[in-house]
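Student: Contents are compact mmCIF, C-alpha atoms; file name coords.txt:
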# COMPACT_ATOMS: atom_id res chain seq x y z
CA MET A 1 13.02 -27.99 -20.23
CA SER A 2 9.70 -29.12 -18.84
CA SER A 3 6.05 -28.51 -17.88
CA THR A 4 3.08 -27.51 -20.05
CA MET A 5 3.15 -25.42 -23.21
CA GLY A 6 0.69 -22.51 -22.94
CA ALA A 7 -1.43 -20.92 -25.62
CA ILE A 8 -2.44 -17.70 -23.89
CA ARG A 9 -2.14 -14.85 -26.36
CA SER A 10 -3.15 -11.85 -24.27
CA ALA A 11 -0.78 -9.62 -22.29
CA GLN A 12 -3.43 -9.67 -19.56
CA ALA A 13 -2.04 -13.02 -18.46
CA LEU A 14 1.36 -11.46 -17.87
CA VAL A 15 -0.08 -8.47 -16.02
CA ALA A 16 -2.14 -10.74 -13.76
CA ALA A 17 0.83 -12.96 -13.03
CA LEU A 18 3.06 -10.00 -12.23
CA ALA A 19 0.47 -8.56 -9.87
CA ALA A 20 0.15 -11.88 -8.05
CA MET A 21 3.90 -12.26 -7.90
CA CYS A 22 4.53 -8.82 -6.49
CA VAL A 23 1.72 -8.81 -3.93
CA ALA A 24 3.03 -12.06 -2.55
CA ALA A 25 6.51 -10.72 -1.95
CA ALA A 26 7.83 -11.37 1.50
CA THR A 27 5.88 -9.77 4.31
CA ALA A 28 8.21 -8.54 6.99
CA SER A 29 8.58 -10.86 9.94
CA GLY A 30 9.33 -9.64 13.40
CA MET A 31 8.63 -5.96 12.75
CA GLU A 32 6.54 -4.60 15.60
CA THR A 33 4.41 -1.47 15.54
CA SER A 34 2.34 0.32 18.14
CA ALA A 35 -0.37 0.94 15.53
CA LYS A 36 -3.37 -1.35 15.91
CA GLN A 37 -3.39 -1.78 12.16
CA ALA A 38 -0.67 -1.20 9.58
CA TYR A 39 -0.30 -1.83 5.87
CA ILE A 40 2.78 -0.83 3.87
CA VAL A 41 3.07 -1.46 0.16
CA GLU A 42 5.64 -0.83 -2.57
CA HIS A 43 3.85 1.31 -5.13
CA GLU A 44 5.55 0.07 -8.31
CA THR A 45 5.33 -3.65 -7.67
CA GLY A 46 2.43 -3.88 -5.24
CA ALA A 47 4.61 -5.89 -2.84
CA VAL A 48 3.26 -5.87 0.72
CA LEU A 49 6.09 -4.97 3.09
CA LEU A 50 4.11 -5.01 6.33
CA ASP A 51 0.60 -6.22 7.07
CA LYS A 52 -0.79 -5.99 10.57
CA ASP A 53 -4.51 -6.73 10.48
CA GLY A 54 -4.66 -4.86 7.19
CA ALA A 55 -7.77 -6.55 5.81
CA THR A 56 -10.03 -5.79 8.77
CA PRO A 57 -12.56 -2.97 8.20
CA SER A 58 -12.56 -0.32 10.93
CA PRO A 59 -13.72 3.29 11.33
CA PRO A 60 -11.51 5.26 8.90
CA ALA A 61 -12.28 8.75 10.20
CA SER A 62 -11.14 11.39 7.70
CA LEU A 63 -9.20 8.86 5.64
CA SER A 64 -12.52 8.09 3.98
CA LYS A 65 -12.33 11.59 2.48
CA LEU A 66 -9.85 10.04 0.06
CA MET A 67 -12.84 8.39 -1.62
CA THR A 68 -14.67 11.70 -1.72
CA LEU A 69 -11.62 13.21 -3.39
CA TYR A 70 -11.24 10.26 -5.76
CA MET A 71 -14.76 10.83 -7.07
CA LEU A 72 -14.14 14.55 -7.40
CA PHE A 73 -10.89 13.89 -9.28
CA GLU A 74 -12.69 11.54 -11.65
CA ARG A 75 -15.24 14.21 -12.50
CA LEU A 76 -12.48 16.75 -13.09
CA LYS A 77 -10.48 14.35 -15.26
CA SER A 78 -13.50 13.54 -17.43
CA GLY A 79 -14.06 17.23 -18.15
CA ALA A 80 -17.55 17.17 -16.65
CA LEU A 81 -16.32 19.59 -13.98
CA SER A 82 -13.64 22.27 -13.78
CA LEU A 83 -11.69 23.76 -10.91
CA ASP A 84 -13.39 27.09 -11.56
CA ASP A 85 -16.92 25.70 -11.29
CA THR A 86 -18.75 26.55 -8.08
CA PHE A 87 -21.00 24.69 -5.64
CA VAL A 88 -23.46 26.33 -3.26
CA VAL A 89 -22.99 25.82 0.48
CA SER A 90 -26.05 24.30 2.18
CA ARG A 91 -26.98 24.96 5.78
CA LYS A 92 -26.24 21.30 6.51
CA ALA A 93 -22.66 21.74 5.30
CA TRP A 94 -22.27 25.05 7.15
CA ARG A 95 -23.47 23.52 10.45
CA MET A 96 -21.21 20.46 10.22
CA GLY A 97 -18.85 20.09 13.16
CA GLY A 98 -15.31 18.79 13.43
CA SER A 99 -12.55 20.05 11.19
CA LYS A 100 -13.78 22.87 8.97
CA THR A 101 -12.87 24.99 5.97
CA PHE A 102 -15.32 27.64 7.26
CA VAL A 103 -17.49 27.94 4.17
CA GLU A 104 -20.52 30.21 4.57
CA ALA A 105 -24.11 29.09 4.06
CA GLY A 106 -25.67 30.31 0.83
CA LYS A 107 -22.35 31.27 -0.74
CA ARG A 108 -20.91 29.67 -3.87
CA VAL A 109 -17.40 28.26 -3.52
CA ARG A 110 -14.96 27.31 -6.27
CA VAL A 111 -14.29 23.60 -6.67
CA GLU A 112 -10.56 24.18 -6.29
CA ASP A 113 -11.07 25.88 -2.93
CA LEU A 114 -13.27 23.02 -1.78
CA LEU A 115 -10.68 20.51 -2.96
CA ARG A 116 -7.90 22.25 -1.05
CA GLY A 117 -10.19 22.60 1.94
CA ILE A 118 -10.64 18.83 2.03
CA VAL A 119 -7.01 17.92 1.33
CA VAL A 120 -5.21 20.46 3.51
CA GLN A 121 -7.77 21.34 6.16
CA SER A 122 -9.75 18.06 6.20
CA GLY A 123 -12.88 20.19 6.02
CA ASN A 124 -16.02 18.25 6.84
CA ASP A 125 -18.08 21.18 5.59
CA ALA A 126 -16.20 21.27 2.28
CA SER A 127 -16.69 17.52 1.88
CA ILE A 128 -20.45 17.83 2.25
CA VAL A 129 -20.56 20.71 -0.24
CA VAL A 130 -18.76 18.50 -2.77
CA ALA A 131 -21.04 15.54 -2.04
CA GLU A 132 -24.16 17.61 -2.52
CA GLY A 133 -22.74 19.31 -5.58
CA LEU A 134 -21.96 16.00 -7.28
CA SER A 135 -24.97 13.89 -6.22
CA GLY A 136 -27.63 16.22 -4.82
CA THR A 137 -27.54 14.84 -1.29
CA GLU A 138 -24.83 13.37 0.93
CA ALA A 139 -26.81 10.13 1.20
CA ALA A 140 -26.94 9.77 -2.57
CA PHE A 141 -23.23 10.52 -2.74
CA ALA A 142 -22.52 7.78 -0.17
CA GLU A 143 -24.40 5.32 -2.39
CA ALA A 144 -22.28 6.45 -5.33
CA MET A 145 -19.14 5.98 -3.20
CA ASN A 146 -20.16 2.39 -2.48
CA ARG A 147 -20.79 1.67 -6.16
CA LYS A 148 -17.39 3.11 -7.05
CA ALA A 149 -15.74 1.11 -4.27
CA ARG A 150 -17.14 -2.10 -5.76
CA ASP A 151 -16.08 -1.06 -9.26
CA ILE A 152 -12.45 -0.52 -8.26
CA GLY A 153 -12.18 -3.56 -6.02
CA LEU A 154 -12.36 -2.09 -2.51
CA ALA A 155 -13.88 -5.18 -0.95
CA ASP A 156 -13.54 -4.11 2.69
CA SER A 157 -15.12 -0.66 2.49
CA HIS A 158 -18.60 0.72 3.10
CA PHE A 159 -19.52 4.39 3.18
CA VAL A 160 -22.38 6.12 4.97
CA ASN A 161 -21.21 9.71 4.52
CA ALA A 162 -18.64 11.83 2.68
CA THR A 163 -16.60 12.88 5.71
CA GLY A 164 -15.76 9.87 7.84
CA TRP A 165 -17.94 11.20 10.65
CA PRO A 166 -18.68 8.27 13.01
CA ALA A 167 -21.66 6.26 11.74
CA ASP A 168 -22.76 2.65 12.03
CA GLY A 169 -21.44 0.65 9.12
CA HIS A 170 -18.98 3.27 7.88
CA ALA A 171 -15.68 1.40 7.57
CA MET A 172 -12.57 0.81 5.47
CA SER A 173 -9.67 -1.58 5.83
CA PRO A 174 -6.08 -0.27 5.74
CA ARG A 175 -5.56 -2.47 2.68
CA ASP A 176 -8.39 -0.67 0.86
CA ILE A 177 -7.09 2.72 1.94
CA ALA A 178 -3.66 1.85 0.56
CA ALA A 179 -5.18 0.63 -2.71
CA LEU A 180 -7.21 3.83 -3.03
CA SER A 181 -4.15 5.95 -2.24
CA ARG A 182 -2.16 4.19 -4.96
CA ARG A 183 -4.97 4.83 -7.44
CA ILE A 184 -4.99 8.54 -6.62
CA VAL A 185 -1.23 8.75 -7.14
CA GLU A 186 -1.37 6.82 -10.40
CA GLU A 187 -4.56 8.09 -12.00
CA PHE A 188 -4.54 11.78 -11.08
CA PRO A 189 -0.98 13.12 -11.35
CA GLU A 190 -2.36 16.54 -12.24
CA HIS A 191 -4.21 16.79 -8.92
CA TYR A 192 -2.03 14.74 -6.58
CA PRO A 193 0.33 17.70 -5.82
CA TYR A 194 -2.45 19.27 -3.74
CA PHE A 195 -1.64 16.68 -1.06
CA ALA A 196 1.82 18.20 -0.58
CA GLU A 197 0.50 21.68 0.24
CA LYS A 198 1.40 22.56 3.81
CA SER A 199 -1.17 25.29 4.35
CA PHE A 200 -4.33 26.81 2.91
CA ARG A 201 -6.17 30.00 3.76
CA PHE A 202 -9.90 30.40 3.23
CA SER A 203 -12.33 33.00 4.60
CA GLY A 204 -9.31 34.72 6.16
CA ILE A 205 -8.47 31.65 8.21
CA GLY A 206 -5.17 29.88 7.54
CA GLN A 207 -4.69 26.26 8.51
CA ARG A 208 -1.72 23.89 8.32
CA ASN A 209 -1.77 20.44 6.79
CA ARG A 210 -1.95 17.86 9.59
CA ASN A 211 0.24 15.30 7.80
CA PRO A 212 3.37 15.21 10.00
CA LEU A 213 5.53 13.61 7.29
CA LEU A 214 5.34 16.73 5.12
CA TYR A 215 7.53 18.58 7.61
CA GLY A 216 10.99 17.09 7.27
CA ASP A 217 13.09 15.04 4.88
CA SER A 218 10.99 11.88 4.76
CA GLY A 219 10.20 12.26 1.06
CA ALA A 220 6.46 12.33 1.79
CA ASP A 221 4.18 14.19 -0.60
CA GLY A 222 0.75 13.08 0.67
CA LEU A 223 -1.87 11.93 1.59
CA LYS A 224 -4.05 12.41 4.71
CA THR A 225 -4.55 12.08 8.48
CA GLY A 226 -7.63 11.10 10.43
CA TYR A 227 -8.91 10.98 13.98
CA THR A 228 -12.01 10.03 15.89
CA ARG A 229 -12.32 8.44 19.32
CA ALA A 230 -13.32 5.17 17.68
CA SER A 231 -10.52 5.11 15.14
CA GLY A 232 -7.69 6.65 17.11
CA HIS A 233 -5.06 8.60 15.19
CA SER A 234 -4.56 7.34 11.65
CA LEU A 235 -2.54 8.22 8.58
CA ALA A 236 -2.42 7.40 4.89
CA ALA A 237 0.99 8.46 3.60
CA SER A 238 2.93 8.28 0.38
CA ALA A 239 6.61 9.06 0.00
CA ILE A 240 9.14 8.90 -2.79
CA ARG A 241 12.90 8.53 -2.40
CA GLU A 242 15.28 8.14 -5.32
CA GLY A 243 12.36 7.42 -7.63
CA ARG A 244 10.88 4.69 -5.42
CA ARG A 245 7.43 5.27 -3.93
CA ILE A 246 6.04 3.59 -0.81
CA VAL A 247 2.45 3.87 0.44
CA MET A 248 1.71 3.37 4.13
CA VAL A 249 -1.49 3.24 6.17
CA LEU A 250 -1.47 3.29 9.98
CA ALA A 251 -4.52 3.22 12.24
CA GLY A 252 -5.34 3.09 15.92
CA LEU A 253 -2.45 5.09 17.34
CA PRO A 254 -3.04 6.74 20.73
CA GLY A 255 -1.91 10.27 19.88
CA ALA A 256 -0.71 12.63 17.18
CA ARG A 257 2.89 12.53 18.42
CA GLN A 258 2.95 8.74 18.44
CA ARG A 259 1.49 8.77 14.93
CA ALA A 260 4.25 11.07 13.69
CA ARG A 261 7.05 9.07 15.32
CA GLU A 262 5.76 5.69 14.21
CA ALA A 263 5.13 6.88 10.67
CA ARG A 264 8.69 8.16 10.30
CA ARG A 265 10.16 5.03 11.87
CA LEU A 266 8.24 2.60 9.69
CA LEU A 267 8.84 4.58 6.53
CA ASP A 268 12.59 4.59 7.16
CA TRP A 269 12.48 0.87 7.89
CA ALA A 270 10.61 0.10 4.67
CA TYR A 271 13.12 1.97 2.51
CA GLN A 272 16.11 0.48 4.31
CA SER A 273 14.93 -3.12 4.46
CA PHE A 274 13.63 -3.68 0.93
CA ARG A 275 14.86 -3.09 -2.59
CA ASN A 276 13.33 -3.29 -6.05
CA TYR A 277 15.07 -5.43 -8.65
CA THR A 278 14.23 -5.22 -12.34
CA LEU A 279 14.96 -8.65 -13.76
CA PHE A 280 13.94 -8.01 -17.37
CA ALA A 281 12.69 -5.00 -19.30
CA GLY A 282 9.46 -5.26 -21.24
CA GLY A 283 10.04 -6.94 -24.59
CA ALA A 284 13.42 -8.31 -23.57
CA VAL A 285 14.52 -11.72 -24.79
CA VAL A 286 14.75 -13.87 -21.67
CA GLU A 287 15.80 -17.14 -23.32
CA HIS A 288 15.43 -19.15 -26.55
CA ALA A 289 13.36 -22.30 -26.85
CA ASP A 290 14.35 -25.08 -29.25
CA VAL A 291 11.91 -25.58 -32.12
CA TRP A 292 10.90 -28.89 -33.72
CA LEU A 293 10.48 -28.99 -37.51
CA GLY A 294 10.65 -25.21 -37.78
CA GLU A 295 12.23 -22.84 -40.29
CA GLU A 296 14.33 -21.58 -37.36
CA ALA A 297 16.07 -23.77 -34.82
CA ALA A 298 14.94 -21.67 -31.85
CA VAL A 299 12.36 -19.07 -30.93
CA ALA A 300 12.94 -16.07 -28.65
CA LEU A 301 11.02 -16.03 -25.38
CA VAL A 302 10.01 -12.51 -24.38
CA THR A 303 8.12 -10.64 -21.72
CA GLU A 304 5.51 -8.03 -22.52
CA ALA A 305 6.17 -5.79 -19.51
CA ASP A 306 8.99 -5.01 -17.11
CA ILE A 307 9.52 -7.71 -14.53
CA THR A 308 10.38 -5.94 -11.30
CA ILE A 309 10.19 -7.57 -7.89
CA THR A 310 10.58 -6.32 -4.35
CA LEU A 311 12.77 -8.35 -1.99
CA PRO A 312 14.22 -7.99 1.48
CA ARG A 313 17.81 -6.90 0.96
CA ALA A 314 19.08 -10.07 2.62
CA SER A 315 17.24 -12.24 0.08
CA ARG A 316 18.98 -10.86 -3.01
CA ARG A 317 21.82 -13.39 -2.98
CA GLY A 318 19.39 -16.30 -2.92
CA LEU A 319 17.40 -15.12 -5.94
CA GLU A 320 16.86 -17.82 -8.57
CA VAL A 321 15.30 -17.32 -11.99
CA LYS A 322 14.70 -20.12 -14.47
CA VAL A 323 12.81 -20.66 -17.72
CA VAL A 324 10.62 -23.74 -17.99
CA TYR A 325 8.92 -25.11 -21.09
CA GLU A 326 8.04 -28.40 -22.79
CA GLY A 327 10.30 -28.82 -25.73
CA PRO A 328 11.19 -28.87 -28.42
CA VAL A 329 8.28 -26.62 -29.35
CA PRO A 330 6.59 -27.87 -32.54
CA ALA A 331 6.32 -25.47 -35.47
CA PRO A 332 4.47 -23.51 -36.67
CA ILE A 333 4.66 -20.96 -33.85
CA GLU A 334 2.74 -17.70 -33.82
CA LYS A 335 4.22 -14.57 -32.30
CA GLY A 336 2.57 -13.72 -28.97
CA VAL A 337 1.64 -17.29 -28.04
CA GLN A 338 2.67 -18.28 -24.53
CA ILE A 339 5.12 -21.16 -24.75
CA ALA A 340 7.11 -20.97 -21.52
CA ARG A 341 7.11 -19.57 -18.04
CA LEU A 342 9.63 -17.76 -15.89
CA VAL A 343 9.92 -19.18 -12.38
CA ILE A 344 11.23 -16.76 -9.74
CA SER A 345 12.20 -17.80 -6.23
CA ALA A 346 14.17 -16.37 -3.32
CA PRO A 347 14.36 -16.74 0.47
CA GLY A 348 11.39 -15.01 2.04
CA PHE A 349 9.66 -14.70 -1.33
CA THR A 350 6.73 -16.82 -2.48
CA THR A 351 7.75 -18.57 -5.70
CA ARG A 352 5.89 -17.11 -8.66
CA GLU A 353 5.59 -17.82 -12.33
CA VAL A 354 5.37 -15.30 -15.18
CA PRO A 355 4.33 -16.31 -18.71
CA LEU A 356 6.79 -15.92 -21.57
CA PHE A 357 5.67 -15.46 -25.16
CA ALA A 358 7.04 -16.27 -28.60
CA GLY A 359 8.92 -13.23 -29.85
CA THR A 360 8.57 -14.07 -33.55
CA ASP A 361 6.59 -16.20 -35.99
CA ILE A 362 8.30 -19.48 -36.84
CA GLY A 363 7.07 -21.29 -39.94
CA ARG A 364 6.98 -25.04 -40.37
CA LEU A 365 9.53 -26.74 -42.60
CA GLY A 366 8.40 -28.07 -45.94
CA MET A 367 8.10 -31.77 -46.62
CA PHE A 368 11.77 -32.28 -47.53
CA GLY A 369 12.91 -30.19 -44.62
CA ARG A 370 10.80 -32.22 -42.23
CA LEU A 371 12.16 -35.44 -43.75
CA GLY A 372 15.72 -34.22 -43.26
CA ALA A 373 14.98 -33.28 -39.68
CA ALA A 374 13.46 -36.69 -39.01
CA ILE A 375 16.50 -38.43 -40.45
CA GLY A 376 18.75 -36.19 -38.37
CA TYR A 377 16.78 -37.05 -35.26
CA MET A 378 17.18 -40.78 -35.97
CA MET A 379 20.92 -40.32 -36.47
CA TRP A 380 21.73 -37.97 -33.59
CA GLY A 381 18.73 -38.40 -31.32
CA ALA A 382 17.70 -36.04 -28.57
CA GLU A 383 20.98 -34.12 -28.59
CA ARG A 384 19.50 -31.94 -31.35
CA THR A 385 16.42 -31.08 -29.25
CA ALA A 386 15.68 -29.49 -25.91
CA PRO A 387 15.51 -31.92 -22.97
CA ALA A 388 12.02 -33.12 -22.03
CA ASP A 389 12.82 -34.80 -18.75
CA GLY A 390 11.97 -32.04 -16.32
CA ALA A 391 15.19 -30.05 -16.68
CA SER A 392 15.10 -26.29 -16.97
CA ARG A 393 17.39 -23.39 -17.81
Starting from the coordinates I provided, produce the structure as C-alpha cells.

Tutor:
Amino acid sequence: MSSTMGAIRSAQALVAALAAMCVAAATASGMETSAKQAYIVEHETGAVLLDKDGATPSPPASLSKLMTLYMLFERLKSGALSLDDTFVVSRKAWRMGGSKTFVEAGKRVRVEDLLRGIVVQSGNDASIVVAEGLSGTEAAFAEAMNRKARDIGLADSHFVNATGWPADGHAMSPRDIAALSRRIVEEFPEHYPYFAEKSFRFSGIGQRNRNPLLYGDSGADGLKTGYTRASGHSLAASAIREGRRIVMVLAGLPGARQRAREARRLLDWAYQSFRNYTLFAGGAVVEHADVWLGEEAAVALVTEADITITLPRASRRGLEVKVVYEGPVPAPIEKGVQIARLVISAPGFTTREVPLFAGTDIGRLGMFGRLGAAIGYMMWGAERTAPADGASR
C-alpha cells in the first residue's frame, strides 16, 4: 500500500472529507429544465443532482421568508420565546401589501399564529410583525438576517427586509436557499411539520398552502413558494420517499402551472436517476494495515461516521473502493490517529478520499521482540510486510 501516513486525530477531518466527497457527486448531464435556475440536492449526503446557475444571487421573493422563519425557530428552540407569546401588530405591518394573514393593527397575535401565517399563507404582514417583535424594527431584523447568513455560510445572500418584497440588493442564490432549507429540516424537526399544513384560517379567513407538491403523492412535506415580477414563480421544496429526502429549489418559471409541472417532473427524475449507497457504517473496520515492530501484526482501519455516497444508478457497477497507506506502519500506534485513506471512484463521480483511523492502540515490541523481527525481516524480507511500491488494496 502507498502514499502518506496521516496524523490527524480529529473526526472533523472525516466529516470535512465526507462533505467534500458528497457535494462533488456527479451533477446530472443533459437534464433540461424550463426554470431559469435550478438546484437539487440529496439531503443525507449533500450530493448535488442538478445545478443550473445555482450560485447566482437573484430576487428570491417569498423564499427569503425561510430566513425569517429560521430566526424565529432559533428563538423558539433556545427557549427565549414560546409559541404562546404574543407580538403586537404595527400599522406598518397592517398596511403591508401582497400576500397577507390579515392581522389587525394594535392587536396582539400569538407567535404560533404568526408562524403559520408565514408558512401557509406567506403573510407579508405576519413576517413584519415577527421581525419587529424580534428586533424592534424590520431594518434591524434585516441586519440580523445578514449576520446570521454569514454565520451559517450563506455566501450568496443579502437581505433588505423580512418578506422578500422587491428591494435593491435583496437577493439569494438557489444554492443558499437549498442550504437554508436543509438546515430547517435538520435543526428544527419540532417545527418543520408546519410546512406540510395545507390550510390555515385566521381572522375568519381561510387560505390554502400554495405549495403545489403538497397535493398529490410526491412525498413533499415542505417548504415554500414565491413570486414577484422580477423573480418569476419559484419554489423551495423538500420531499421524502422510502426514507430518502431530496431538497429542490426552482426559480424563474413563467407561471404557477409550469412551476407545479416542472417541480413534479424534476422530483420524479431525481428519485429515479440517483441512489444512495452506504459503503461502510460508522466505526466499521474497513481494512487492516500491517504493523512494523508492533505487539500486533496488524491494526484495524476504521471510519468514524457512515460513508454514504449518491451515484447515478448507471454508475453503480463501476464503483471502485480501495484503501491506501504507507506501510508497514511503525509501532507504537495510538487509537484515533489517521494512518490510511479510502479512495472512492466511479463513472460520473469525482474521485474522493476519506481518512481512515487506527481502531486500537498498538504497543511497540520490546528489545528482544524487535531483534527477532529484524532477524525475521533479514531472513524472509518484504514478504512479511505490506508492499511499499504504490500498490493498494

Student: Considering all atoms listed in the file, can you say which of A:Ala260, A:Ala162, A:Ile152, A:Ala105 comes closest to A:Leu66?

Tutor: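 Closest to A:Leu66 of all the choices is A:Ala162.
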
Student: Between stretch 209-299 of chain A and stretch 349-366 of chain A, at 9 Å or less, what are the per-residue closest atom pairs and their distances in Å? Count all atoms listed in the file, order by chain and rising residue number, and return it as a Markdown table.

Tutor:
| residue | atom | partner | partner_atom | distance |
| --- | --- | --- | --- | --- |
| A:Gly283 | CA | A:Gly359 | CA | 8.3 |
| A:Val285 | CA | A:Gly359 | CA | 7.7 |
| A:Val286 | CA | A:Leu356 | CA | 8.2 |
| A:Ala289 | CA | A:Ala358 | CA | 8.9 |
| A:Val291 | CA | A:Ile362 | CA | 8.5 |
| A:Trp292 | CA | A:Arg364 | CA | 8.6 |
| A:Leu293 | CA | A:Leu365 | CA | 5.6 |
| A:Gly294 | CA | A:Arg364 | CA | 4.5 |
| A:Glu295 | CA | A:Leu365 | CA | 5.3 |
| A:Glu296 | CA | A:Ile362 | CA | 6.4 |
| A:Ala298 | CA | A:Ile362 | CA | 8.6 |
| A:Val299 | CA | A:Ala358 | CA | 6.4 |

Student: Could you list, as a list in words, every residue within 8 Å of A:Gln121, counting all atoms listed in the file and ignoring same-chain residues fewer than 4 positions away?

Tutor: Ser99, Lys100, Thr101, Arg116, Gly117, Ser199, Phe200, Gln207, Arg208, Asn209 and Arg210 of chain A

Student: With only C-alpha atoms as the basis for distance, which of A:Glu242, A:Glu187, A:Asp85, A:Glu74 is at the shortest distance from A:Gly219?

Tutor: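 Selected residue with least distance to A:Gly219: A:Glu242.
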
Student: Mind checking which residues fall within 7 Å of A:Arg313, counting all atoms listed in the file, ignoring those fewer than 3 positions away in the same chain, and posting them as a ChimeraX atom specification?

Tutor: /A:273-275,316

Student: Just to be explicit: take each residue in the selection above, keep C-alpha atoms, and write the result as a PDB file, in the coordinates of the input.

Tutor:
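Saved result, again-v1.pdb, follows:
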ATOM      1  CA  SER A 273      14.930  -3.120   4.460  1.00  0.00           C
ATOM      2  CA  PHE A 274      13.630  -3.680   0.930  1.00  0.00           C
ATOM      3  CA  ARG A 275      14.860  -3.090  -2.590  1.00  0.00           C
ATOM      4  CA  ARG A 316      18.980 -10.860  -3.010  1.00  0.00           C
TER       5      ARG A 316
END

Student: Quick one: residues within 10 Å of A:Asn146, all atoms listed in the file counted, chain neighbours fewer than 2 positions away excluded, as a ChimeraX atom specification?

Tutor: /A:67,141-144,148-151,154-155,157-160

Student: What is the distance between atom CA of A:Ser315 and atom CA of A:Tyr277, in Å to one decimal?

Tutor: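 The value is 11.3 Å.
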
Student: Could you tell me which of A:Phe195, A:Trp269, A:Trp165, A:Tyr215 comes closest to A:Leu50 if we count all atoms listed in the file?

Tutor: A:Trp269

Student: Taking the structure in the block just given, could you write stretch 113-126 of chain A with N, CA and C atoms, as an mmCIF file, in the first residue's frame?

Tutor:
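Resulting contents of selection.cif:
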data_model
loop_
_atom_site.group_PDB
_atom_site.id
_atom_site.type_symbol
_atom_site.label_atom_id
_atom_site.label_comp_id
_atom_site.auth_asym_id
_atom_site.auth_seq_id
_atom_site.Cartn_x
_atom_site.Cartn_y
_atom_site.Cartn_z
ATOM 1 N N ASP A 113 -49.579 31.579 15.620
ATOM 2 C CA ASP A 113 -50.437 32.035 14.527
ATOM 3 C C ASP A 113 -49.624 32.808 13.492
ATOM 4 N N LEU A 114 -48.669 33.597 13.958
ATOM 5 C CA LEU A 114 -47.813 34.321 13.021
ATOM 6 C C LEU A 114 -46.958 33.351 12.221
ATOM 7 N N LEU A 115 -46.436 32.339 12.890
ATOM 8 C CA LEU A 115 -45.620 31.327 12.225
ATOM 9 C C LEU A 115 -46.422 30.639 11.124
ATOM 10 N N ARG A 116 -47.612 30.200 11.458
ATOM 11 C CA ARG A 116 -48.458 29.527 10.466
ATOM 12 C C ARG A 116 -48.883 30.499 9.373
ATOM 13 N N GLY A 117 -49.065 31.746 9.727
ATOM 14 C CA GLY A 117 -49.409 32.750 8.723
ATOM 15 C C GLY A 117 -48.301 32.934 7.700
ATOM 16 N N ILE A 118 -47.057 32.835 8.158
ATOM 17 C CA ILE A 118 -45.922 32.957 7.230
ATOM 18 C C ILE A 118 -45.774 31.689 6.402
ATOM 19 N N VAL A 119 -45.815 30.532 7.050
ATOM 20 C CA VAL A 119 -45.571 29.265 6.367
ATOM 21 C C VAL A 119 -46.676 28.940 5.377
ATOM 22 N N VAL A 120 -47.915 28.973 5.823
ATOM 23 C CA VAL A 120 -49.036 28.522 4.996
ATOM 24 C C VAL A 120 -49.535 29.620 4.071
ATOM 25 N N GLN A 121 -49.664 30.830 4.607
ATOM 26 C CA GLN A 121 -50.284 31.917 3.845
ATOM 27 C C GLN A 121 -49.270 32.853 3.207
ATOM 28 N N SER A 122 -47.987 32.679 3.543
ATOM 29 C CA SER A 122 -46.927 33.560 3.058
ATOM 30 C C SER A 122 -47.212 35.014 3.420
ATOM 31 N N GLY A 123 -47.737 35.226 4.614
ATOM 32 C CA GLY A 123 -48.167 36.552 5.027
ATOM 33 C C GLY A 123 -47.026 37.557 5.167
ATOM 34 N N ASN A 124 -47.038 38.569 4.324
ATOM 35 C CA ASN A 124 -46.069 39.650 4.470
ATOM 36 C C ASN A 124 -46.286 40.407 5.773
ATOM 37 N N ASP A 125 -47.559 40.592 6.131
ATOM 38 C CA ASP A 125 -47.861 41.304 7.374
ATOM 39 C C ASP A 125 -47.367 40.519 8.584
ATOM 40 N N ALA A 126 -47.574 39.213 8.585
ATOM 41 C CA ALA A 126 -47.109 38.386 9.695
ATOM 42 C C ALA A 126 -45.583 38.394 9.785
#
